[in-house]
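Data block below; observations after.
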Amino acid sequence: MSTVTAPRTQSPAPARPRTRLDWRLRFAVLSLIWGFSFLLIKVGTEGYAPFQVTLGRLVFGTAVLAAAMAVKRERLPRGGRVWGHMAVAAFFLNALPFSLFAYSELTIPSTLAGICNATSPLWGMALSLVALSEDRPTRVRFAGLGLGFLGVLTVLGAWQGFHGLDATGTAMALLASLSYPIGWIYVRRNLAGTGNSHLSMTGAQLLLATLQLAVVTPLFTSVPDHFSLVPLLAIAALGALGTGLAVLIQYGLVAEVGPTTAQMVTYFIPVIATAAGVAILGESLRWTTPVGAVVVLAGAALTQLRRGA
């Protein structure tokens, strides 16, 4: 005797979760993008004035952030006070350091600019001692500060009288790296807890920096006689990838693995910048550069250690 069973209705298959690129791969991509940024600046300045390189970088970067905001339906922040503070942040975090790095690479190699960029954590700790009373340093962090600046002197070949280095260009690159922690401390003290998303704040910040350069650039530069293609492509990549896409990747990493892990990208940037400058641009490399860079990075890592870590 056979039995007949009713056909079983199949339940709909569960929706597959969206596959997301592993954070380690995104970390590596971010390191490469920012490491190659100094090479792109160098190539850009071969066809355009530094202010023009910076303005182009900001225009392309702002366009990427605007597109991301449109996709996520984010709105720009509101309030005159917020926009006033953001204008200051845009100057110290974008307009000033981007311009200084562009000017510095007129006279110094992209490898040296990339290493100077790695001194930002050192400047940040030194400034936090004065500006942030709640940030209490330990002996290890003090040691890291001293070790880091010893590494800077090694990179520059201080005992040789800084032979072969352009003092003005090097000073500009170091000032650019100093500008970043000034901007972040300002943001921490004046823009924390505004209720706006990171994407919204960064998009507005890049927009303000673009407007600042749009005012300054015509005052100090003239329209190029011809538009060099390769430098123009370098500027487009610098803005769209090194400024726009990189910021989106960075915030995704911070949200997923935390700021401590995400900021470790700082220690890979000078390595990649040095390799790119030597391999692609044929820049010379003295033994003091890699040795000093290792000392700088070791010192910077120590300054990031917190009590009980």
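Ligands are numbered from 1 in the order shown, residues from 1 within each chain, and chains are lettered A, B, ... in the order they appear in the structure tokens.
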
Pull the helix (DSSP H, G or I) assignments for stretch 110-306 of chain A out of DSSP run on the backbone, and list those residues as a PyMOL selection string.
chain A and resi 110-117+120-131+139-156+158-160+167-190+198-220+229-257+259-267+269-279+288-303

Using only C-alpha atoms, which residue out of A:Val155, A:Leu199, A:Ala171, A:Val43 lies closest to A:Ala70?
A:Leu199

Mind dumping a table of every stretch 74-118 of chain A residue within 10 Å of stretch 287-294 of chain A, with the nearest atom pair and its distance in Å to one decimal, using only C-alpha atoms, sorted by chain and rising number, as a Markdown table?
```
| residue | atom | partner | partner_atom | distance |
| --- | --- | --- | --- | --- |
| A:Thr111 | CA | A:Thr289 | CA | 8.5 |
| A:Leu112 | CA | A:Thr289 | CA | 7.7 |
| A:Gly114 | CA | A:Ala293 | CA | 9.7 |
| A:Ile115 | CA | A:Ala293 | CA | 6.3 |
| A:Cys116 | CA | A:Ala293 | CA | 8.9 |
| A:Ala118 | CA | A:Ala293 | CA | 8.3 |
```

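Coordinates place atom CA of A:Ala273 at a distance of 7.7 Å from atom CA of A:Ser37.
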
Write out as a tab-separated table a residue-level contact list of stretch 73-119 of chain A versus stretch 54-57 of chain A with cut-off 8 Å: for each qualifying residue the closest pair of atoms and the distance in Å to one decimal, counting only C-alpha atoms, rows sorted by chain and residue number upward.
```
residue	atom	partner	partner_atom	distance
A:Ala95	CA	A:Thr54	CA	7.5
A:Phe98	CA	A:Thr54	CA	5.9
A:Ser99	CA	A:Thr54	CA	5.7
A:Ala102	CA	A:Thr54	CA	7.1
```

Selection: 12 Å around A:Ala176, only C-alpha atoms, excl. self and same-chain fewer than 4 positions, as an NGL selection string:
:A and (91-105 or 113-120 or 123 or 169-172 or 180-183)

Nearest to A:Ala246: which of A:Thr274, A:Thr202, A:Gln52, A:Gln212 is it, counting only C-alpha atoms?
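That would be A:Thr202, the residue with the smallest distance to A:Ala246.
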
Find the residues near A:Gly203: any atom within 12 Å, counting only C-alpha atoms, skip ones fewer than 3 places away on the same chain, and give them as a short mmCIF file (atom, residue, chain, number, x, y, z; two decimals) with C-alpha atoms, in the first residue's frame.
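Ended up saving to out.cif:
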```
data_model
loop_
_atom_site.label_atom_id
_atom_site.label_comp_id
_atom_site.auth_asym_id
_atom_site.auth_seq_id
_atom_site.Cartn_x
_atom_site.Cartn_y
_atom_site.Cartn_z
CA LEU A 58 40.61 68.80 -3.58
CA VAL A 59 38.15 69.12 -6.49
CA PHE A 60 38.41 65.43 -7.38
CA GLY A 61 38.37 64.37 -3.73
CA THR A 62 35.31 66.46 -2.96
CA ALA A 63 33.52 64.99 -5.99
CA VAL A 64 34.05 61.46 -4.65
CA LEU A 65 32.76 62.42 -1.19
CA ALA A 66 29.76 64.21 -2.74
CA ALA A 67 28.89 61.08 -4.72
CA ALA A 68 29.16 58.94 -1.59
CA MET A 69 26.93 61.35 0.32
CA ALA A 70 24.35 61.27 -2.49
CA GLU A 74 23.65 62.23 3.74
CA ARG A 75 23.14 65.95 4.27
CA LEU A 76 25.72 68.62 4.93
CA PRO A 77 25.98 69.83 8.54
CA TRP A 83 30.80 75.63 9.59
CA MET A 86 35.07 73.29 10.04
CA ALA A 87 36.66 76.06 7.97
CA ALA A 90 39.74 72.32 6.55
CA ASN A 94 43.64 69.80 3.97
CA ASN A 196 26.77 64.72 12.26
CA SER A 197 28.19 61.65 10.55
CA HIS A 198 31.87 61.37 9.70
CA LEU A 199 30.99 61.28 6.00
CA SER A 200 28.94 64.47 6.25
CA LEU A 206 36.80 69.05 1.77
CA LEU A 207 34.28 71.44 0.21
CA LEU A 208 35.54 74.28 2.41
CA ALA A 209 39.17 73.44 1.67
CA THR A 210 38.36 73.47 -2.06
CA THR A 243 41.82 61.96 -0.95
CA GLY A 244 38.28 60.77 -1.73
CA LEU A 245 38.36 56.97 -1.81
CA VAL A 247 38.90 58.71 3.34
CA LEU A 248 35.97 56.34 2.73
#
```

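Those residues that approach A:Phe51 to within 8 Å, counting only C-alpha atoms, are Ser99, Ala102, Leu213, Val216, Thr217, Phe220 and Thr221 of chain A; same-chain residues fewer than 6 positions away are not listed.
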
Taking N, CA and C atoms for each residue, export the selection above as an mmCIF file, in the first residue's frame.
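Writing done, so here's selection_35.cif:
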```
data_model
loop_
_atom_site.group_PDB
_atom_site.id
_atom_site.type_symbol
_atom_site.label_atom_id
_atom_site.label_comp_id
_atom_site.auth_asym_id
_atom_site.auth_seq_id
_atom_site.Cartn_x
_atom_site.Cartn_y
_atom_site.Cartn_z
ATOM 1 N N SER A 99 49.082 71.819 0.340
ATOM 2 C CA SER A 99 49.869 72.823 -0.385
ATOM 3 C C SER A 99 51.337 72.760 -0.007
ATOM 4 N N ALA A 102 52.999 69.837 -1.672
ATOM 5 C CA ALA A 102 53.185 70.091 -3.104
ATOM 6 C C ALA A 102 54.366 71.025 -3.342
ATOM 7 N N LEU A 213 41.188 77.031 -1.526
ATOM 8 C CA LEU A 213 42.193 76.988 -2.596
ATOM 9 C C LEU A 213 41.696 77.674 -3.858
ATOM 10 N N VAL A 216 42.669 81.257 -3.313
ATOM 11 C CA VAL A 216 44.111 81.526 -3.245
ATOM 12 C C VAL A 216 44.804 81.271 -4.589
ATOM 13 N N THR A 217 44.454 80.185 -5.258
ATOM 14 C CA THR A 217 45.185 79.755 -6.456
ATOM 15 C C THR A 217 45.271 80.827 -7.549
ATOM 16 N N PHE A 220 48.067 83.519 -7.030
ATOM 17 C CA PHE A 220 49.493 83.186 -7.071
ATOM 18 C C PHE A 220 49.899 82.386 -8.308
ATOM 19 N N THR A 221 48.947 82.019 -9.137
ATOM 20 C CA THR A 221 49.281 81.243 -10.337
ATOM 21 C C THR A 221 48.512 81.802 -11.532
#
```

Go ahead and compute the interatomic distance for atom CA of A:Gly299 and atom CA of A:Ile272, in Å to one decimal.
18.7 Å

If we count only C-alpha atoms, what is near A:Val53 at a cut-off of 8 Å, once residues fewer than 4 positions away on the same chain are taken out, given as a count of residues only?
8

For each of A:Leu39, A:Val278, A:Val254, A:Leu122, take the minimum atom-to-atom distance to A:Ser179, counting only C-alpha atoms, then give the residue where this is smallest.
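So, comparing all the options, the nearest one is A:Leu122.
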
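Minimum atom-to-atom distance to A:Leu297, evaluated using only C-alpha atoms, belongs to A:Gly144 out of A:Gly84, A:Gly144, A:Gly47, A:Pro218.
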